Amino acid sequence: MPPMKRKKEEEATISEPKTKYDRQLRIWGELGQAALEEASICLLNCGPTGSEALKNLVLGGVGSFTIVDGSKVELGDLGNNFMVDERSVGQSKAKSVCAFLQELNDAVKATFIEENPDTLISTNPVFFSQFTLVIATQLVEDSIVKLDRICREANVKLVFARSYGLSGFVRVSVQEHTIIDSKPDHFLDDLRLNNPWPELKGFVETIDLNASDPVAHKHIPYVVILVKMADEWTQSHSGNLPSTREEKKEFKDLVKSKMISMDEDNYKEAIEAAFKVFAPRGISSEIRQICNDTCAEPSSNSSDFWVMVAALKEFVSNEGDGEAPLEGSIPDMTSSTEHYINLQKIYQAKAEADFLVMEERVKNILKKIGRDPSSISKATIKSFCKNARKVKVCRYRLVEDEFSNPSVNEIQKCFADEDYSGAMGFYVLLRAVDRFTANYNKFPGQFDGGMDEDISRLKTTALSLLTDLGCNGSVVPDDLINEMCRFGASELHVVAAFIGGIASQEVIKLVTKQFVPMLGTYIFNGIDHKSQLLTL
Amino acid sequence: MDAPQSKSRDLDKLLLRSGNLVGPGFFPGTDLRDDIREYVKVLVVGAGGLGCELLKDLALSGFRNLDVIDMDRIEVTNLNRQFLFRLEDVGKPKAEVAAKRVMERVSGVEIVPHFSRIEDKELEFYNDFNIIALGLDSIEARRYINGVACGFLEYDEDDTPRSETIKPMVDGGTEGFKGHARVIVPGVTPCFECTIWLFPPQVKFPLCTLAETPRNAAHCIEYAHLIKWHEVHGGKSFDPDEPEHMKWVYDEAIKRAELFGIPGVTYSLTQGVVKNIIPAIASTNAIISAACALETLKIVSGCSKTLANYLTYNGGEGLHTKVTEFERDKECLVCGPGILIELDTSITLQKFIEMLEEHPKLLLSKASVKHGKDSLYMQAPPVLEEMHRPNLSKPLYDLMGRVEKDTVHVFGTSLKNEEKQSSLTKLRVVFKEVDGVADMDTAIWRTNSKRKTPF
């Protein structure tokens with residue numbers, strides 16, 4: 001590294017204005033952080049569920065937030081909300097929570113509106129268009145459905161969250177959320193051992209596996225070993241790679257036979273990595289599905305993501321010969337430094353070459369649809385190429401659709417499965433309590449008297465709801481119905497903190513466009529913690 | 001009956017009302033609520049990412065008597081998630097600031113901070129609490145507290161744990177978008193040691209890679225940190241919190257990287273590799289702590305069934321939570337009834353300590369020995385060692401008050417998997433009467449290492 005560059009690094013260590021974000025920058029990087037800092041969030045209702053969700057985002061450096069809550073602080077709020085205290089009793093809850101959150105991070109722009117969210121939803125839907133994302137907590141079904149429509153129309157991301165006794169849920173609602181940098185936990189590296197390109201083959205040819213020097217022998221990287229062995233195999237098997245179990249075993253034994261001593265880690269790694277040779281070539285069915293999506297047909301409305309998918313589709317059918325652009329990095333492996341660096345360079349070179357082709361194709365597509373060919377940056381296209389095998393598309397049903405037309409099959413399956421029945425029961429009950437309120441003007445068990453009556457009414461309500469959904473055979477367990485009445489629509493701090501935490505994490509994923517948001521409704525089951533993601 | 005306006009408006013629904021899916025011995029009512037407030041003492045270990053959340057969660061779950069212990073001071077990099085701390089608090093002890101902040105916001109709660117290492121507290125300190133909530137970031141610390149809590153456990157004649165000696169723990173851990181929460185009831189659920197295999201060994205680079213064939217930036221950094229540092233600085237130990245030391249490592253790593261043509265060494269990566277920095281965010285800590293606090297409330301009150309017994313959480317790819325019911329290792333050295341050791345009444349304390357070194361399940365060297373509240377022998381500090389030295393030549397039988405059998409705790413360095421660890425272990429000592437004069441040097445002892453059935 002030339003001396004000039006190094007000085008810049010040194011300066012970075014001394015002046016670190018963003019040091020406090022260090023631990024999270026290591027997760028989503030500068031780009032993710034920038035996205036967070038540009039985001040404006042609207043929070044509906046600042047009881048503990050909403051407050052805790054927002055707290056996590058404020059700590060992370062979200063750009064701005066607006067709290068909408070018309071209630072005043074009651075004595076009971078002192079028992080479940082960390083962001084109100086004795087002095088704020090009788091005053092606006094939104095004001096108190098806003099002040100506390102501002103103190104947590106003075107870089108965040110904090111505002112509040114003393115207004116009932118239900119009223120705002122009914123009378124001023126345009127209000128929501130100004131935000132990147134809305135976190136809607138503790139809303140009842142009617143408002144949920146209305147808000148969902150409003151945000152869909154305005155293309156504003158939406159996350160619902162609700163705490164109810166020891167139950168609750170979180171649900172994301174977005175028309176479409178595309179992800180380039182999905183950062184999966186485990187993903188196979190892109191070594192192309194089953195489909196080496198000419199330059200890789202050429203490099204492999206320059207290395208002699210039968211090197212006489214034992215030190216050299218055990219420092220040949222396994223990539224070289226496997227490409228050579230695969231080539232040897234295909235030559236003697238009419239151009240085919242090992243496919244049956246016997247063949248795969250035979251191949252591994254072949255590799256093993258080249259070991260000259262027991263301590264050759266590179267050969268051990270080769271045997272362990274042999275499955276990469278047997279893996280099918282080409283793109284995964286998931287990526288193929290994305291390429292075949294109707295949105296992959298570029299038009300003037302196409303988002304940058306879909307333009308790049310269109311380019312990917314072309315690439316795969318042409319230069320890629322069935323493969324996506326090469327990712328370009330290789331995992332660490334036992335090797336001499338020289339071989340490793342050279343191998344790295346070969347992979348990087350091909351990745352760069354593939355990128356240039358993709359860049360050309362993207363530019364041509366942009367021209368075709370009447371857009372400026374340089375409107376998608378090099379960096380974005382590069383990132384797309386690197387992540388081409390991992391991109392994701394998330395689409396969410398409108399809550400209304402899910403409510404009126406859920407998958408009956410899924411519901412019945414869940415009720416029949418011991419691990420899912422609790423969550424499924426709570427899903428139904430969380431909807432049933434809103435119906436109950438519509439009929440009886442209070443939540444079941446909200447007040448101390450008349451518990452037995454409430455229990456039986458809730459049971460009837462739940463049954464009729466299930467009938468409406470087309471699930472006549474299914475039944476919510478009595479114990480659960482009893483518990484739901486016992487909860488009496490309480491908002492417990494620990495449950496709110498859990499649910500708020502989950503909600504804030506989904507917001508981060510949606511705003512940074514990294515990692516993958518949940519696909520479905522997360523039902524929290526605080527009794528035995530058998531919470532589940534239900535996709536209905 | 002509820003007052004129309006009550007601070008515990010929401011908690012009352014759980015504590016004052018009977019339910020169906022509740023813990024054994026759940027007696028709902030104002031007495032339960034008030035007893036939790038007045039008498040229950042909870043210890044929170046750690047006042048960092050998890051600890052701050054735990055204190056808030058517990059304070060807002062009806063607990064009034066909390067203690068918190070943490071040996072660290074506040075750093076700038078804590079501020080993205082340890083929400084009880086502000087920029088002006090940097091440098092102050094975490095435990096003290098955390099306690100103060102929560103008490104400021106939640107009136108009525110008493111939090112006693114302890115700015116100290118967990119090892120520096122007397123065992124009796126830990127026995128004072130009804131339940132211990134862990135917000136730790138290391139395996140060693142968890143093992144230590146686990147050893148202490150399980151050390152209180154006693155078994156009766158037919159090997160059932162005596163309930164009044166059970167000290168439950170709730171343990172949480174996070175890393176990026178992942179985390180876990182677990183409930184440990186010594187003698188009933190697996191303890192930390194029973195499931196030690198859950199934790200994968202730390203990634204270590206082979207020495208020859210660092211010394212001869214580095215391939216990536218991390219190799220260059222560890223070379224500078226682990227090899228070059230000692231070559232140049234001799235005996236001086238490397239301090240990762242000393243900016244000058246870190247800068248030195250970074251410069252050396254750069255040099256090595258340049259030599260081998262390896263890209264990617266940055267100051268940030270250097271810190272990450274050397275300090276083994278775990279990425280951390282507020283949301284995961286909030287989620288895991290909430291789960292732990294909820295379980296704490298349930299265990300203490302019985303207001304609902306509890307987690308059985310291990311919850312894993314992963315929020316990076318969609319959302320996955322899973323509950324696994326792990327089983328106890330009945331032969332567990334820490335939470336089990338204790339390894340049975342049969343001795344002759346003539347064995348001296350000295351001989352006993354020597355035997356521990358050779359015992360196949362223990363391999364414990366430099367053991368200190370405790371019998372109930374009495375220290376029989378201490379290896380350190382020198383003052384106490386000298387004080388207890390006369391005991392070494394006395395028969396253990398006499399030192400233990402001439403009882404036929406009893407539990408003894410030994411603490412020393414054990415060599416397990418070629419790694420030295422400090423270990424606190426429980427032993428069941430049973431004395432065999434020997435007729436006539438015993439020859440101390442050839443005294444025999446037996447262990448029950450061949451026993452297959454559980455104790």
# chains A, B, ... in the order shown; residues from 1 in each chain; ligands from 1
>>> interface_residues(of="chain B", to="chain A", cutoff="7 Å", atoms="only C-alpha atoms", output="number ranges by chain")
B: 5-11, 13-14, 17, 19-21, 57, 60-61, 76-81, 83, 105, 176, 213-215, 258, 267, 279-284, 286-287, 290-291, 293-294, 304-307, 316-319, 321-323
>>> residues_around(residues="Leu254 in chain A", least_positions_apart="4", cutoff="8 Å", atoms="only C-alpha atoms", output="ChimeraX atom specification")
/A:229,250,258
>>> residues_around(residues="Asn127 in chain B", least_positions_apart="6", cutoff="10 Å", atoms="only C-alpha atoms", output="VMD selection string")
chain B and resid 148 to 149 151 to 152 165 to 167
>>> write_last_selection(atoms="all heavy atoms", output="mmCIF file, in the first residue's frame")
data_model
loop_
_atom_site.group_PDB
_atom_site.id
_atom_site.type_symbol
_atom_site.label_atom_id
_atom_site.label_comp_id
_atom_site.auth_asym_id
_atom_site.auth_seq_id
_atom_site.Cartn_x
_atom_site.Cartn_y
_atom_site.Cartn_z
ATOM 1 N N VAL B 148 -21.106 -21.682 40.513
ATOM 2 C CA VAL B 148 -21.512 -21.141 41.809
ATOM 3 C C VAL B 148 -22.952 -21.521 42.130
ATOM 4 O O VAL B 148 -23.251 -22.064 43.191
ATOM 5 C CB VAL B 148 -21.352 -19.609 41.823
ATOM 6 C CG1 VAL B 148 -22.026 -19.007 43.041
ATOM 7 C CG2 VAL B 148 -19.883 -19.233 41.799
ATOM 8 N N ALA B 149 -23.851 -21.255 41.193
ATOM 9 C CA ALA B 149 -25.273 -21.519 41.453
ATOM 10 C C ALA B 149 -25.521 -23.005 41.673
ATOM 11 O O ALA B 149 -26.253 -23.407 42.591
ATOM 12 C CB ALA B 149 -26.126 -20.996 40.303
ATOM 13 N N GLY B 151 -23.433 -25.037 42.732
ATOM 14 C CA GLY B 151 -22.744 -25.423 43.957
ATOM 15 C C GLY B 151 -23.645 -25.392 45.169
ATOM 16 O O GLY B 151 -23.406 -26.090 46.161
ATOM 17 N N PHE B 152 -24.698 -24.599 45.104
ATOM 18 C CA PHE B 152 -25.622 -24.523 46.249
ATOM 19 C C PHE B 152 -26.560 -25.729 46.300
ATOM 20 O O PHE B 152 -27.183 -26.007 47.325
ATOM 21 C CB PHE B 152 -26.469 -23.250 46.177
ATOM 22 C CG PHE B 152 -25.665 -21.992 46.239
ATOM 23 C CD1 PHE B 152 -25.809 -21.020 45.256
ATOM 24 C CD2 PHE B 152 -24.767 -21.763 47.262
ATOM 25 C CE1 PHE B 152 -25.066 -19.845 45.297
ATOM 26 C CE2 PHE B 152 -24.015 -20.599 47.313
ATOM 27 C CZ PHE B 152 -24.170 -19.641 46.324
ATOM 28 N N THR B 165 -32.659 -25.604 47.886
ATOM 29 C CA THR B 165 -31.281 -25.298 47.510
ATOM 30 C C THR B 165 -31.141 -25.035 46.013
ATOM 31 O O THR B 165 -30.039 -24.834 45.509
ATOM 32 C CB THR B 165 -30.322 -26.452 47.878
ATOM 33 O OG1 THR B 165 -30.684 -27.612 47.112
ATOM 34 C CG2 THR B 165 -30.397 -26.767 49.354
ATOM 35 N N ILE B 166 -32.275 -25.046 45.315
ATOM 36 C CA ILE B 166 -32.219 -24.814 43.864
ATOM 37 C C ILE B 166 -32.140 -23.318 43.583
ATOM 38 O O ILE B 166 -32.985 -22.547 44.032
ATOM 39 C CB ILE B 166 -33.458 -25.418 43.165
ATOM 40 C CG1 ILE B 166 -33.458 -26.933 43.318
ATOM 41 C CG2 ILE B 166 -33.472 -25.046 41.689
ATOM 42 C CD1 ILE B 166 -34.662 -27.602 42.690
ATOM 43 N N LYS B 167 -31.156 -22.913 42.843
ATOM 44 C CA LYS B 167 -30.960 -21.508 42.488
ATOM 45 C C LYS B 167 -31.123 -21.370 40.976
ATOM 46 O O LYS B 167 -30.190 -21.601 40.214
ATOM 47 C CB LYS B 167 -29.549 -21.063 42.881
ATOM 48 C CG LYS B 167 -29.246 -19.603 42.653
ATOM 49 C CD LYS B 167 -29.671 -18.697 43.773
ATOM 50 C CE LYS B 167 -29.088 -19.127 45.105
ATOM 51 N NZ LYS B 167 -29.852 -18.533 46.223
#
>>> residues_around(residues="Glu319 in chain A", least_positions_apart="2", cutoff="12 Å", atoms="only C-alpha atoms", output="PDB file with N, CA and C atoms, in the first residue's frame")
ATOM      1  N   TRP A 197     -13.823 -22.412 -16.100  1.00  0.00           N
ATOM      2  CA  TRP A 197     -13.684 -21.668 -17.350  1.00  0.00           C
ATOM      3  C   TRP A 197     -12.218 -21.747 -17.822  1.00  0.00           C
ATOM      4  N   ALA A 311     -31.073  -7.935 -17.292  1.00  0.00           N
ATOM      5  CA  ALA A 311     -29.708  -8.103 -17.802  1.00  0.00           C
ATOM      6  C   ALA A 311     -29.156  -9.465 -17.410  1.00  0.00           C
ATOM      7  N   LEU A 312     -29.462  -9.883 -16.178  1.00  0.00           N
ATOM      8  CA  LEU A 312     -29.013 -11.188 -15.689  1.00  0.00           C
ATOM      9  C   LEU A 312     -29.566 -12.311 -16.557  1.00  0.00           C
ATOM     10  N   LYS A 313     -30.844 -12.169 -16.873  1.00  0.00           N
ATOM     11  CA  LYS A 313     -31.504 -13.185 -17.702  1.00  0.00           C
ATOM     12  C   LYS A 313     -30.789 -13.325 -19.030  1.00  0.00           C
ATOM     13  N   GLU A 314     -30.481 -12.167 -19.656  1.00  0.00           N
ATOM     14  CA  GLU A 314     -29.770 -12.186 -20.931  1.00  0.00           C
ATOM     15  C   GLU A 314     -28.396 -12.821 -20.758  1.00  0.00           C
ATOM     16  N   PHE A 315     -27.701 -12.424 -19.682  1.00  0.00           N
ATOM     17  CA  PHE A 315     -26.352 -12.918 -19.424  1.00  0.00           C
ATOM     18  C   PHE A 315     -26.348 -14.438 -19.309  1.00  0.00           C
ATOM     19  N   VAL A 316     -27.288 -14.947 -18.510  1.00  0.00           N
ATOM     20  CA  VAL A 316     -27.348 -16.397 -18.276  1.00  0.00           C
ATOM     21  C   VAL A 316     -27.541 -17.144 -19.598  1.00  0.00           C
ATOM     22  N   SER A 317     -28.370 -16.576 -20.488  1.00  0.00           N
ATOM     23  CA  SER A 317     -28.639 -17.265 -21.750  1.00  0.00           C
ATOM     24  C   SER A 317     -27.528 -17.101 -22.762  1.00  0.00           C
ATOM     25  N   ASP A 321     -23.607 -18.806 -20.287  1.00  0.00           N
ATOM     26  CA  ASP A 321     -23.772 -20.218 -20.641  1.00  0.00           C
ATOM     27  C   ASP A 321     -24.439 -21.000 -19.503  1.00  0.00           C
ATOM     28  N   GLY A 322     -25.512 -20.438 -19.007  1.00  0.00           N
ATOM     29  CA  GLY A 322     -26.259 -21.110 -17.946  1.00  0.00           C
ATOM     30  C   GLY A 322     -25.894 -20.645 -16.549  1.00  0.00           C
ATOM     31  N   GLU A 323     -24.758 -19.934 -16.413  1.00  0.00           N
ATOM     32  CA  GLU A 323     -24.314 -19.502 -15.089  1.00  0.00           C
ATOM     33  C   GLU A 323     -24.531 -18.007 -14.890  1.00  0.00           C
ATOM     34  N   ALA A 324     -24.655 -17.607 -13.638  1.00  0.00           N
ATOM     35  CA  ALA A 324     -24.748 -16.178 -13.291  1.00  0.00           C
ATOM     36  C   ALA A 324     -23.325 -15.603 -13.331  1.00  0.00           C
ATOM     37  N   PRO A 325     -23.178 -14.280 -13.254  1.00  0.00           N
ATOM     38  CA  PRO A 325     -21.825 -13.715 -13.168  1.00  0.00           C
ATOM     39  C   PRO A 325     -21.081 -14.323 -11.987  1.00  0.00           C
ATOM     40  N   LEU A 326     -19.775 -14.539 -12.126  1.00  0.00           N
ATOM     41  CA  LEU A 326     -19.000 -15.143 -11.050  1.00  0.00           C
ATOM     42  C   LEU A 326     -18.925 -14.211  -9.840  1.00  0.00           C
ATOM     43  N   LYS A 350     -12.196 -12.996 -13.647  1.00  0.00           N
ATOM     44  CA  LYS A 350     -13.418 -13.448 -14.306  1.00  0.00           C
ATOM     45  C   LYS A 350     -14.633 -12.691 -13.799  1.00  0.00           C
ATOM     46  N   ALA A 353     -14.653  -9.462 -15.539  1.00  0.00           N
ATOM     47  CA  ALA A 353     -15.060  -9.617 -16.942  1.00  0.00           C
ATOM     48  C   ALA A 353     -16.574  -9.791 -17.042  1.00  0.00           C
ATOM     49  N   ASP A 354     -17.123 -10.622 -16.160  1.00  0.00           N
ATOM     50  CA  ASP A 354     -18.572 -10.846 -16.160  1.00  0.00           C
ATOM     51  C   ASP A 354     -19.309  -9.547 -15.833  1.00  0.00           C
ATOM     52  N   PHE A 355     -18.735  -8.793 -14.914  1.00  0.00           N
ATOM     53  CA  PHE A 355     -19.349  -7.513 -14.547  1.00  0.00           C
ATOM     54  C   PHE A 355     -19.425  -6.578 -15.752  1.00  0.00           C
ATOM     55  N   LEU A 356     -18.334  -6.514 -16.519  1.00  0.00           N
ATOM     56  CA  LEU A 356     -18.313  -5.607 -17.679  1.00  0.00           C
ATOM     57  C   LEU A 356     -19.395  -5.979 -18.684  1.00  0.00           C
ATOM     58  N   VAL A 357     -19.589  -7.273 -18.878  1.00  0.00           N
ATOM     59  CA  VAL A 357     -20.645  -7.717 -19.793  1.00  0.00           C
ATOM     60  C   VAL A 357     -22.008  -7.287 -19.256  1.00  0.00           C
ATOM     61  N   MET A 358     -22.216  -7.527 -17.964  1.00  0.00           N
ATOM     62  CA  MET A 358     -23.489  -7.149 -17.336  1.00  0.00           C
ATOM     63  C   MET A 358     -23.721  -5.650 -17.448  1.00  0.00           C
ATOM     64  N   GLU A 360     -22.673  -3.602 -19.718  1.00  0.00           N
ATOM     65  CA  GLU A 360     -23.075  -3.315 -21.094  1.00  0.00           C
ATOM     66  C   GLU A 360     -24.554  -3.604 -21.289  1.00  0.00           C
ATOM     67  N   ARG A 361     -24.944  -4.759 -20.842  1.00  0.00           N
ATOM     68  CA  ARG A 361     -26.340  -5.190 -21.037  1.00  0.00           C
ATOM     69  C   ARG A 361     -27.303  -4.271 -20.284  1.00  0.00           C
TER      70      ARG A 361
END
>>> select_by_dssp(residues="range 91-207 of chain B", states="strand (DSSP E or B)", output="list in words")
Pro93, Glu110, Ile111, Val112, Pro113, His114, Ile131, Ile132, Ala133, Leu134, Tyr155, Pro161, Met169, Val170, Asp171, Gly172, Gly173, Thr174, Glu175, Lys178, Gly179, His180, Ala181, Arg182, Val183 and Ile184 of chain B
>>> write_last_selection(atoms="N, CA and C atoms", output="PDB file, in the first residue's frame")
ATOM      1  N   PRO B  93     -18.271   3.542  35.676  1.00  0.00           N
ATOM      2  CA  PRO B  93     -18.628   2.120  35.802  1.00  0.00           C
ATOM      3  C   PRO B  93     -20.049   1.850  35.314  1.00  0.00           C
ATOM      4  N   GLU B 110     -35.265  -0.567  43.871  1.00  0.00           N
ATOM      5  CA  GLU B 110     -33.954  -0.388  44.495  1.00  0.00           C
ATOM      6  C   GLU B 110     -32.947  -1.235  43.736  1.00  0.00           C
ATOM      7  N   ILE B 111     -31.909  -0.614  43.193  1.00  0.00           N
ATOM      8  CA  ILE B 111     -30.901  -1.391  42.483  1.00  0.00           C
ATOM      9  C   ILE B 111     -29.544  -1.132  43.110  1.00  0.00           C
ATOM     10  N   VAL B 112     -28.902  -2.188  43.611  1.00  0.00           N
ATOM     11  CA  VAL B 112     -27.587  -2.036  44.209  1.00  0.00           C
ATOM     12  C   VAL B 112     -26.524  -2.408  43.172  1.00  0.00           C
ATOM     13  N   PRO B 113     -25.691  -1.453  42.777  1.00  0.00           N
ATOM     14  CA  PRO B 113     -24.669  -1.777  41.781  1.00  0.00           C
ATOM     15  C   PRO B 113     -23.412  -2.344  42.423  1.00  0.00           C
ATOM     16  N   HIS B 114     -22.729  -3.239  41.704  1.00  0.00           N
ATOM     17  CA  HIS B 114     -21.454  -3.765  42.171  1.00  0.00           C
ATOM     18  C   HIS B 114     -20.441  -3.635  41.055  1.00  0.00           C
ATOM     19  N   ILE B 131     -33.108 -15.603  42.223  1.00  0.00           N
ATOM     20  CA  ILE B 131     -32.870 -16.010  40.839  1.00  0.00           C
ATOM     21  C   ILE B 131     -31.796 -15.103  40.232  1.00  0.00           C
ATOM     22  N   ILE B 132     -31.013 -15.655  39.339  1.00  0.00           N
ATOM     23  CA  ILE B 132     -29.915 -14.899  38.733  1.00  0.00           C
ATOM     24  C   ILE B 132     -30.147 -14.790  37.232  1.00  0.00           C
ATOM     25  N   ALA B 133     -30.105 -13.570  36.707  1.00  0.00           N
ATOM     26  CA  ALA B 133     -30.286 -13.355  35.257  1.00  0.00           C
ATOM     27  C   ALA B 133     -28.937 -12.964  34.656  1.00  0.00           C
ATOM     28  N   LEU B 134     -28.525 -13.711  33.640  1.00  0.00           N
ATOM     29  CA  LEU B 134     -27.194 -13.479  33.071  1.00  0.00           C
ATOM     30  C   LEU B 134     -27.240 -12.726  31.753  1.00  0.00           C
ATOM     31  N   TYR B 155     -28.579 -32.639  47.278  1.00  0.00           N
ATOM     32  CA  TYR B 155     -29.475 -33.744  47.003  1.00  0.00           C
ATOM     33  C   TYR B 155     -29.802 -34.459  48.302  1.00  0.00           C
ATOM     34  N   PRO B 161     -33.164 -33.522  44.005  1.00  0.00           N
ATOM     35  CA  PRO B 161     -32.656 -32.216  44.436  1.00  0.00           C
ATOM     36  C   PRO B 161     -33.551 -31.630  45.523  1.00  0.00           C
ATOM     37  N   MET B 169     -31.404 -19.976  37.135  1.00  0.00           N
ATOM     38  CA  MET B 169     -30.739 -18.933  36.356  1.00  0.00           C
ATOM     39  C   MET B 169     -31.455 -18.788  35.019  1.00  0.00           C
ATOM     40  N   VAL B 170     -31.407 -17.573  34.498  1.00  0.00           N
ATOM     41  CA  VAL B 170     -31.897 -17.353  33.144  1.00  0.00           C
ATOM     42  C   VAL B 170     -30.731 -16.742  32.386  1.00  0.00           C
ATOM     43  N   ASP B 171     -30.393 -17.350  31.254  1.00  0.00           N
ATOM     44  CA  ASP B 171     -29.187 -16.913  30.544  1.00  0.00           C
ATOM     45  C   ASP B 171     -29.498 -16.482  29.119  1.00  0.00           C
ATOM     46  N   GLY B 172     -28.962 -15.347  28.716  1.00  0.00           N
ATOM     47  CA  GLY B 172     -29.164 -14.873  27.347  1.00  0.00           C
ATOM     48  C   GLY B 172     -27.846 -14.565  26.675  1.00  0.00           C
ATOM     49  N   GLY B 173     -27.830 -14.643  25.341  1.00  0.00           N
ATOM     50  CA  GLY B 173     -26.626 -14.310  24.585  1.00  0.00           C
ATOM     51  C   GLY B 173     -27.022 -13.832  23.211  1.00  0.00           C
ATOM     52  N   THR B 174     -26.271 -12.888  22.654  1.00  0.00           N
ATOM     53  CA  THR B 174     -26.590 -12.408  21.304  1.00  0.00           C
ATOM     54  C   THR B 174     -25.337 -12.187  20.473  1.00  0.00           C
ATOM     55  N   GLU B 175     -25.539 -12.233  19.155  1.00  0.00           N
ATOM     56  CA  GLU B 175     -24.466 -11.918  18.221  1.00  0.00           C
ATOM     57  C   GLU B 175     -25.117 -11.491  16.916  1.00  0.00           C
ATOM     58  N   LYS B 178     -28.513 -12.884  15.770  1.00  0.00           N
ATOM     59  CA  LYS B 178     -28.810 -14.172  16.391  1.00  0.00           C
ATOM     60  C   LYS B 178     -28.774 -14.078  17.903  1.00  0.00           C
ATOM     61  N   GLY B 179     -29.459 -14.977  18.552  1.00  0.00           N
ATOM     62  CA  GLY B 179     -29.409 -14.987  20.005  1.00  0.00           C
ATOM     63  C   GLY B 179     -30.037 -16.225  20.595  1.00  0.00           C
ATOM     64  N   HIS B 180     -29.898 -16.363  21.905  1.00  0.00           N
ATOM     65  CA  HIS B 180     -30.533 -17.477  22.596  1.00  0.00           C
ATOM     66  C   HIS B 180     -30.964 -17.008  23.985  1.00  0.00           C
ATOM     67  N   ALA B 181     -31.978 -17.694  24.508  1.00  0.00           N
ATOM     68  CA  ALA B 181     -32.392 -17.461  25.891  1.00  0.00           C
ATOM     69  C   ALA B 181     -32.669 -18.827  26.486  1.00  0.00           C
ATOM     70  N   ARG B 182     -32.194 -19.072  27.690  1.00  0.00           N
ATOM     71  CA  ARG B 182     -32.427 -20.392  28.265  1.00  0.00           C
ATOM     72  C   ARG B 182     -32.706 -20.292  29.753  1.00  0.00           C
ATOM     73  N   VAL B 183     -33.395 -21.314  30.222  1.00  0.00           N
ATOM     74  CA  VAL B 183     -33.738 -21.403  31.636  1.00  0.00           C
ATOM     75  C   VAL B 183     -32.923 -22.549  32.236  1.00  0.00           C
ATOM     76  N   ILE B 184     -32.245 -22.255  33.338  1.00  0.00           N
ATOM     77  CA  ILE B 184     -31.462 -23.307  33.995  1.00  0.00           C
ATOM     78  C   ILE B 184     -31.966 -23.472  35.426  1.00  0.00           C
TER      79      ILE B 184
END
>>> residues_around(residues="Pro196 in chain A", least_positions_apart="5", cutoff="9 Å", atoms="only C-alpha atoms", output="PDB file with all heavy atoms, in the first residue's frame")
ATOM      1  N   LEU A 191     -17.240 -21.499  -6.680  1.00  0.00           N
ATOM      2  CA  LEU A 191     -15.932 -21.939  -7.150  1.00  0.00           C
ATOM      3  C   LEU A 191     -15.956 -22.523  -8.562  1.00  0.00           C
ATOM      4  O   LEU A 191     -14.924 -22.615  -9.195  1.00  0.00           O
ATOM      5  CB  LEU A 191     -15.329 -22.953  -6.175  1.00  0.00           C
ATOM      6  CG  LEU A 191     -14.972 -22.378  -4.801  1.00  0.00           C
ATOM      7  CD1 LEU A 191     -14.478 -23.478  -3.858  1.00  0.00           C
ATOM      8  CD2 LEU A 191     -13.903 -21.307  -4.937  1.00  0.00           C
ATOM      9  N   LYS A 201      -8.845 -23.299 -15.898  1.00  0.00           N
ATOM     10  CA  LYS A 201      -8.278 -24.572 -16.367  1.00  0.00           C
ATOM     11  C   LYS A 201      -6.802 -24.372 -16.702  1.00  0.00           C
ATOM     12  O   LYS A 201      -5.952 -25.194 -16.355  1.00  0.00           O
ATOM     13  CB  LYS A 201      -9.029 -25.058 -17.616  1.00  0.00           C
ATOM     14  CG  LYS A 201     -10.330 -25.765 -17.313  1.00  0.00           C
ATOM     15  CD  LYS A 201     -10.780 -26.605 -18.511  1.00  0.00           C
ATOM     16  CE  LYS A 201     -12.228 -26.283 -18.814  1.00  0.00           C
ATOM     17  NZ  LYS A 201     -12.782 -27.015 -19.919  1.00  0.00           N
ATOM     18  N   VAL A 227     -10.289 -29.555  -9.503  1.00  0.00           N
ATOM     19  CA  VAL A 227     -10.488 -29.284 -10.935  1.00  0.00           C
ATOM     20  C   VAL A 227      -9.737 -30.338 -11.764  1.00  0.00           C
ATOM     21  O   VAL A 227     -10.261 -30.882 -12.744  1.00  0.00           O
ATOM     22  CB  VAL A 227     -10.028 -27.851 -11.311  1.00  0.00           C
ATOM     23  CG1 VAL A 227      -9.980 -27.678 -12.826  1.00  0.00           C
ATOM     24  CG2 VAL A 227     -10.956 -26.825 -10.693  1.00  0.00           C
TER      25      VAL A 227
END
>>> residues_around(residues="Thr425 in chain B", least_positions_apart="4", cutoff="6 Å", atoms="only C-alpha atoms", output="MDAnalysis selection string")
chainID B and resid 334 409:410
>>> write_last_selection(atoms="N, CA and C atoms", output="mmCIF file, in the first residue's frame")
data_model
loop_
_atom_site.group_PDB
_atom_site.id
_atom_site.type_symbol
_atom_site.label_atom_id
_atom_site.label_comp_id
_atom_site.auth_asym_id
_atom_site.auth_seq_id
_atom_site.Cartn_x
_atom_site.Cartn_y
_atom_site.Cartn_z
ATOM 1 N N VAL B 334 -20.971 -30.681 37.546
ATOM 2 C CA VAL B 334 -21.310 -29.425 38.197
ATOM 3 C C VAL B 334 -22.677 -29.463 38.851
ATOM 4 N N HIS B 409 -16.527 -28.880 48.319
ATOM 5 C CA HIS B 409 -16.302 -28.186 47.061
ATOM 6 C C HIS B 409 -14.819 -27.995 46.857
ATOM 7 N N VAL B 410 -14.357 -28.295 45.655
ATOM 8 C CA VAL B 410 -12.940 -28.091 45.361
ATOM 9 C C VAL B 410 -12.821 -27.135 44.188
#
